[in-house]
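Pasting final.cif here (mmCIF, C-alpha atoms):
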data_protein
loop_
_atom_site.label_atom_id
_atom_site.label_comp_id
_atom_site.auth_asym_id
_atom_site.auth_seq_id
_atom_site.Cartn_x
_atom_site.Cartn_y
_atom_site.Cartn_z
CA MET Q 204 -38.56 2.90 49.50
CA LEU Q 205 -40.79 0.17 48.06
CA ARG Q 206 -40.10 -2.08 51.03
CA LEU Q 207 -40.95 0.66 53.55
CA ALA Q 208 -44.10 1.64 51.63
CA ASN Q 209 -45.24 -1.99 51.64
CA ARG Q 210 -44.59 -2.27 55.38
CA LEU Q 211 -46.65 0.86 56.00
CA GLY Q 212 -49.36 -0.23 53.59
CA ILE Q 213 -49.15 2.94 51.50
CA SER Q 214 -48.05 3.76 47.95
CA ARG Q 215 -44.54 4.86 47.08
CA SER Q 216 -45.93 8.17 45.84
CA LEU Q 217 -47.55 8.89 49.19
CA LEU Q 218 -44.41 7.89 51.07
CA TRP Q 219 -42.37 10.24 48.84
CA ALA Q 220 -44.79 13.09 49.49
CA LEU Q 221 -44.75 12.52 53.24
CA ARG Q 222 -40.96 12.43 53.26
CA THR Q 223 -40.75 15.67 51.29
CA GLU Q 224 -43.27 17.47 53.50
CA GLY Q 225 -41.47 16.30 56.63
CA GLU Q 226 -38.12 17.56 55.37
CA ALA Q 227 -39.69 20.84 54.28
CA ALA Q 228 -41.19 21.34 57.75
CA VAL Q 229 -37.77 20.81 59.33
CA VAL Q 230 -36.11 23.28 56.96
CA ARG Q 231 -38.79 25.91 57.59
CA TRP Q 232 -38.36 25.46 61.33
CA GLN Q 233 -34.57 25.77 61.03
CA SER Q 234 -34.89 28.89 58.88
CA ARG Q 235 -37.01 30.54 61.54
CA TRP Q 236 -35.48 29.29 64.79
CA TRP Q 237 -32.04 27.68 64.32
CA TRP Q 238 -29.35 30.30 64.75
CA PRO Q 239 -26.82 29.10 62.11
CA ALA Q 240 -29.53 28.91 59.44
CA ARG Q 241 -30.98 32.28 60.44
CA ARG Q 242 -27.52 33.90 60.31
CA ARG Q 243 -26.79 32.46 56.86
CA LEU Q 244 -30.11 33.67 55.50
CA ARG Q 245 -29.61 37.12 57.01
CA GLN Q 246 -26.23 37.35 55.29
CA LEU Q 247 -27.81 36.36 51.98
CA ARG Q 248 -30.46 39.07 52.33
CA GLN Q 249 -27.72 41.69 52.64
CA GLN Q 250 -26.13 40.75 49.30
CA ARG Q 251 -26.80 42.05 45.80
CA GLU Q 252 -26.03 40.92 42.23
CA LEU Q 253 -26.63 37.31 43.26
CA LEU Q 254 -26.55 34.34 40.91
CA VAL Q 255 -28.92 31.63 42.09
CA ASN Q 256 -29.24 27.92 41.31
CA VAL Q 257 -32.72 26.77 42.42
CA GLY Q 258 -33.31 23.13 43.29
CA SER Q 259 -29.65 22.33 42.78
CA GLY Q 260 -29.67 18.82 44.21
CA PRO Q 261 -26.05 17.68 44.49
CA PHE Q 262 -25.07 19.69 41.37
CA VAL Q 263 -23.75 22.86 42.99
CA ILE Q 264 -22.27 25.62 40.83
CA ASP Q 265 -19.34 27.72 42.04
CA GLY Q 266 -20.18 31.40 42.40
CA PHE Q 267 -23.90 30.69 42.78
CA VAL Q 268 -26.21 30.52 45.76
CA ASN Q 269 -27.30 26.89 45.52
CA LEU Q 270 -30.75 26.35 47.04
CA GLU Q 271 -31.99 22.86 47.85
CA LEU Q 272 -34.30 21.23 50.36
CA ARG Q 273 -31.92 18.38 51.14
CA ALA Q 274 -28.38 18.79 52.45
CA TYR Q 275 -26.60 17.18 49.53
CA HIS Q 276 -23.53 19.40 49.84
CA ASP Q 277 -21.95 21.81 52.31
CA ASP Q 278 -22.39 24.66 49.83
CA VAL Q 279 -26.16 24.14 49.62
CA VAL Q 280 -28.42 26.64 51.36
CA ARG Q 281 -31.35 24.58 52.59
CA TRP Q 282 -34.64 26.14 51.52
CA ASP Q 283 -38.06 24.94 50.42
CA CYS Q 284 -38.04 26.42 46.89
CA ARG Q 285 -41.52 25.32 45.92
CA ARG Q 286 -43.10 28.72 46.59
CA SER Q 287 -40.44 31.30 47.44
CA LEU Q 288 -36.80 32.38 47.49
CA PRO Q 289 -34.93 33.74 50.54
CA PHE Q 290 -33.79 37.05 49.01
CA THR Q 291 -34.67 40.70 49.24
CA ASP Q 292 -36.37 42.52 46.37
CA ALA Q 293 -34.26 43.13 43.23
CA SER Q 294 -31.17 41.47 44.70
CA CYS Q 295 -30.53 38.81 42.02
CA ALA Q 296 -28.79 39.28 38.68
CA GLY Q 297 -29.74 35.81 37.47
CA ILE Q 298 -31.70 32.75 38.55
CA ARG Q 299 -31.49 29.33 36.93
CA ILE Q 300 -33.92 26.43 37.50
CA GLU Q 301 -32.91 23.18 35.83
CA HIS Q 302 -35.39 20.28 35.86
CA PHE Q 303 -37.24 21.41 38.97
CA VAL Q 304 -40.26 23.28 37.57
CA GLU Q 305 -41.90 20.05 36.37
CA HIS Q 306 -41.87 18.80 39.98
CA LEU Q 307 -44.11 21.66 41.17
CA ASP Q 308 -47.87 21.86 41.42
CA PRO Q 309 -48.86 24.05 38.43
CA ARG Q 310 -51.80 25.72 40.19
CA ASP Q 311 -50.27 26.74 43.49
CA GLU Q 312 -46.52 26.21 43.76
CA LEU Q 313 -45.25 27.24 40.31
CA PRO Q 314 -47.15 30.57 40.11
CA ALA Q 315 -45.87 31.48 43.58
CA LEU Q 316 -42.27 30.59 42.73
CA LEU Q 317 -42.27 32.43 39.39
CA ALA Q 318 -43.74 35.53 41.04
CA ASP Q 319 -41.03 35.40 43.69
CA CYS Q 320 -38.34 35.01 41.04
CA TYR Q 321 -39.69 38.17 39.40
CA ARG Q 322 -39.64 39.98 42.76
CA SER Q 323 -36.08 38.82 43.53
CA LEU Q 324 -34.59 39.78 40.16
CA GLN Q 325 -33.21 43.24 39.51
CA PRO Q 326 -34.39 45.06 36.37
CA GLY Q 327 -32.66 43.38 33.46
CA GLY Q 328 -32.13 40.23 35.49
CA VAL Q 329 -32.61 36.88 33.78
CA LEU Q 330 -34.55 33.79 34.84
CA ARG Q 331 -33.44 30.66 32.99
CA ILE Q 332 -35.74 27.62 33.12
CA ILE Q 333 -34.90 24.18 31.78
CA VAL Q 334 -37.58 21.48 31.57
CA PRO Q 335 -38.21 18.31 29.56
CA ASP Q 336 -39.51 19.35 26.13
CA THR Q 337 -42.85 17.55 26.09
CA ALA Q 338 -43.66 18.52 22.51
CA ARG Q 339 -40.72 16.50 21.21
CA TYR Q 340 -41.93 13.38 23.00
CA LEU Q 341 -45.47 13.87 21.72
CA ARG Q 342 -44.26 14.30 18.14
CA ALA Q 343 -42.24 11.08 18.43
CA TYR Q 344 -45.31 9.30 19.81
CA LEU Q 345 -47.70 10.57 17.13
CA ASP Q 346 -45.23 9.70 14.37
CA ASP Q 347 -44.55 6.29 15.97
CA ASP Q 348 -40.90 7.18 15.50
CA ARG Q 349 -38.53 4.98 17.53
CA VAL Q 350 -35.54 6.84 16.08
CA ALA Q 351 -36.92 10.13 17.44
CA PHE Q 352 -37.43 8.50 20.84
CA HIS Q 353 -33.86 7.21 20.74
CA ARG Q 354 -32.64 10.77 20.07
CA LEU Q 355 -34.44 11.74 23.28
CA ALA Q 356 -32.27 9.24 25.21
CA VAL Q 357 -35.01 6.60 25.34
CA PRO Q 358 -33.42 3.11 25.26
CA ASP Q 359 -34.12 0.74 22.37
CA PRO Q 360 -35.59 -1.71 23.16
CA LEU Q 361 -37.83 0.13 25.61
CA PRO Q 362 -37.28 -0.50 29.35
CA ASP Q 363 -39.23 -3.30 31.03
CA ASP Q 364 -41.08 -0.82 33.28
CA LEU Q 365 -41.91 1.48 30.30
CA PRO Q 366 -42.76 -1.10 27.63
CA THR Q 367 -44.70 1.08 25.14
CA PRO Q 368 -44.33 4.56 23.60
CA LEU Q 369 -47.31 5.81 25.62
CA ASP Q 370 -45.57 4.68 28.81
CA ILE Q 371 -42.63 6.87 27.77
CA VAL Q 372 -44.98 9.84 27.31
CA ASN Q 373 -46.58 9.15 30.69
CA HIS Q 374 -43.12 9.12 32.25
CA VAL Q 375 -42.49 12.64 30.95
CA PHE Q 376 -45.73 13.83 32.55
CA HIS Q 377 -45.45 11.90 35.81
CA GLN Q 378 -42.02 10.25 36.24
CA TRP Q 379 -43.87 7.85 38.49
CA HIS Q 380 -44.74 10.14 41.42
CA GLU Q 381 -42.19 12.94 41.01
CA HIS Q 382 -43.36 15.05 38.05
CA ARG Q 383 -46.49 17.16 38.52
CA TRP Q 384 -46.89 18.69 35.03
CA ALA Q 385 -45.36 18.75 31.56
CA TYR Q 386 -44.50 21.83 29.51
CA ASP Q 387 -43.98 23.06 25.99
CA TRP Q 388 -43.12 26.58 24.86
CA PRO Q 389 -46.70 27.99 24.90
CA SER Q 390 -47.59 26.53 28.30
CA LEU Q 391 -44.39 27.67 30.02
CA SER Q 392 -44.31 31.11 28.39
CA TRP Q 393 -47.95 31.70 29.42
CA ARG Q 394 -47.04 31.08 33.06
CA LEU Q 395 -43.98 33.30 32.85
CA GLN Q 396 -46.07 36.12 31.39
CA ALA Q 397 -48.62 35.67 34.17
CA ALA Q 398 -45.78 36.17 36.67
CA GLY Q 399 -44.84 39.50 35.04
CA PHE Q 400 -42.14 38.51 32.53
CA ALA Q 401 -42.69 40.16 29.14
CA ASP Q 402 -39.31 39.58 27.45
CA LEU Q 403 -39.12 35.82 26.76
CA GLU Q 404 -36.79 33.84 24.54
CA LEU Q 405 -36.69 30.18 23.54
CA SER Q 406 -32.99 29.54 24.04
CA THR Q 407 -30.64 26.61 23.41
CA PHE Q 408 -28.24 24.40 25.33
CA GLN Q 409 -25.44 26.42 26.99
CA HIS Q 410 -26.57 29.72 25.47
CA SER Q 411 -28.31 32.35 27.60
CA ARG Q 412 -29.08 36.07 27.68
CA LEU Q 413 -26.92 36.01 30.81
CA PRO Q 414 -24.01 33.70 29.91
CA ALA Q 415 -23.24 32.85 33.54
CA LEU Q 416 -26.60 31.04 33.75
CA ALA Q 417 -25.83 28.70 30.82
CA GLN Q 418 -24.09 26.07 32.92
CA ASP Q 419 -26.49 23.47 31.64
CA ARG Q 420 -26.03 19.81 32.49
CA ASP Q 421 -24.91 17.65 29.57
CA GLU Q 422 -27.20 14.73 30.42
CA HIS Q 423 -30.31 16.91 29.97
CA ALA Q 424 -29.34 18.41 26.63
CA VAL Q 425 -30.99 15.98 24.20
CA TYR Q 426 -34.52 16.23 25.63
CA SER Q 427 -34.74 19.67 27.25
CA MET Q 428 -36.32 23.01 26.46
CA TYR Q 429 -34.35 26.14 27.44
CA VAL Q 430 -36.17 29.39 28.18
CA ASP Q 431 -34.80 32.78 29.23
CA ALA Q 432 -37.11 35.37 30.77
CA VAL Q 433 -35.89 38.91 31.43
CA LYS Q 434 -37.35 41.25 34.05
CA THR Q 435 -37.94 44.53 32.24
#
Turn the structure described in the file into structure tokens.
Amino acid sequence: MLRLANRLGISRSLLWALRTEGEAAVVRWQSRWWWPARRRLRQLRQQRELLVNVGSGPFVIDGFVNLELRAYHDDVVRWDCRRSLPFTDASCAGIRIEHFVEHLDPRDELPALLADCYRSLQPGGVLRIIVPDTARYLRAYLDDDRVAFHRLAVPDPLPDDLPTPLDIVNHVFHQWHEHRWAYDWPSLSWRLQAAGFADLELSTFQHSRLPALAQDRDEHAVYSMYVDAVKT
């Protein structure tokens, strides 16, 4: 990507954004006009009690509808998840979003997605969100605690491209060009409440109000925050 960005005379972050928007435009076109995609979406909209894995990447979960922009796997339903979900009202029993929320614009995309999760869930349905726990990184930075950073899977010595503790904190917020925002419990719970969720719980690794949603990835466990939100 660096080589192509240099050839085009643009930054890697801009190239990444252009690539994403181009792929999203293709997926939106397919969802509206390409018969196999339209048929698959129509079948989904006829189902109930769905379990959904949003922004799955290549990590598909059996028994779930795995939504992802890119065609990493045959079981992925291609959809631009930044603002909406392709389901009818109250058709989902549970929705999980693991390390995708921090990639969304917090002013436009995330409020739209959370509102659509609320719409798609049935009463009593659970939304499980997993994000990097920014507060833990900030505490390690303020305490100048290399042991705490190491517990968060930060290498010791620090990587060449992240040579100081503040670079590590910046990586949580930005991850170069991929992350759009960072969250702790108050900031994420505020946004969930704004979307209509009143029953919130700070959960833990592989424990959820809806156990089927707690298929959390091991590699994220040491630095993640786990939140369950129930539609009442």
Selection: 6 Å around Ala432 in chain Q, only C-alpha atoms, excl. self and same-chain fewer than 2 positions, as a ChimeraX atom specification: /Q:329-330,402-403
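For the residues Q:His306, Q:Arg206, Q:Glu301, Q:Pro326, ranking by smallest atom-to-atom distance to Asp421 in chain Q using all atoms listed in the file places Q:Glu301 first.
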Taking all atoms listed in the file into account, name the residue in Q:Pro366, Q:Pro239, Q:Pro389, Q:Gly328 that is nearest to Ala296 in chain Q.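 So, comparing all the options, the nearest one is Q:Gly328.
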Residues in the PyMOL selection byres ((chain Q and resi 411) around 12), expressed as a PyMOL selection string: chain Q and resi 297-299+328-333+403-410+412-419+429-433
Suppose we keep C-alpha atoms; can you now write the selection as an mmCIF file, keeping the file's coordinate frame?
data_model
loop_
_atom_site.group_PDB
_atom_site.id
_atom_site.type_symbol
_atom_site.label_atom_id
_atom_site.label_comp_id
_atom_site.auth_asym_id
_atom_site.auth_seq_id
_atom_site.Cartn_x
_atom_site.Cartn_y
_atom_site.Cartn_z
ATOM 1 C CA GLY Q 297 -29.740 35.810 37.470
ATOM 2 C CA ILE Q 298 -31.700 32.750 38.550
ATOM 3 C CA ARG Q 299 -31.490 29.330 36.930
ATOM 4 C CA GLY Q 328 -32.130 40.230 35.490
ATOM 5 C CA VAL Q 329 -32.610 36.880 33.780
ATOM 6 C CA LEU Q 330 -34.550 33.790 34.840
ATOM 7 C CA ARG Q 331 -33.440 30.660 32.990
ATOM 8 C CA ILE Q 332 -35.740 27.620 33.120
ATOM 9 C CA ILE Q 333 -34.900 24.180 31.780
ATOM 10 C CA LEU Q 403 -39.120 35.820 26.760
ATOM 11 C CA GLU Q 404 -36.790 33.840 24.540
ATOM 12 C CA LEU Q 405 -36.690 30.180 23.540
ATOM 13 C CA SER Q 406 -32.990 29.540 24.040
ATOM 14 C CA THR Q 407 -30.640 26.610 23.410
ATOM 15 C CA PHE Q 408 -28.240 24.400 25.330
ATOM 16 C CA GLN Q 409 -25.440 26.420 26.990
ATOM 17 C CA HIS Q 410 -26.570 29.720 25.470
ATOM 18 C CA ARG Q 412 -29.080 36.070 27.680
ATOM 19 C CA LEU Q 413 -26.920 36.010 30.810
ATOM 20 C CA PRO Q 414 -24.010 33.700 29.910
ATOM 21 C CA ALA Q 415 -23.240 32.850 33.540
ATOM 22 C CA LEU Q 416 -26.600 31.040 33.750
ATOM 23 C CA ALA Q 417 -25.830 28.700 30.820
ATOM 24 C CA GLN Q 418 -24.090 26.070 32.920
ATOM 25 C CA ASP Q 419 -26.490 23.470 31.640
ATOM 26 C CA TYR Q 429 -34.350 26.140 27.440
ATOM 27 C CA VAL Q 430 -36.170 29.390 28.180
ATOM 28 C CA ASP Q 431 -34.800 32.780 29.230
ATOM 29 C CA ALA Q 432 -37.110 35.370 30.770
ATOM 30 C CA VAL Q 433 -35.890 38.910 31.430
#
Name the closest residue to Arg215 in chain Q among the candidates Q:His380, Q:His423, Q:Arg349, Q:Arg322; distances are taken between atoms, counting all atoms listed in the file.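 Smallest separation from Arg215 in chain Q among the options: Q:His380.
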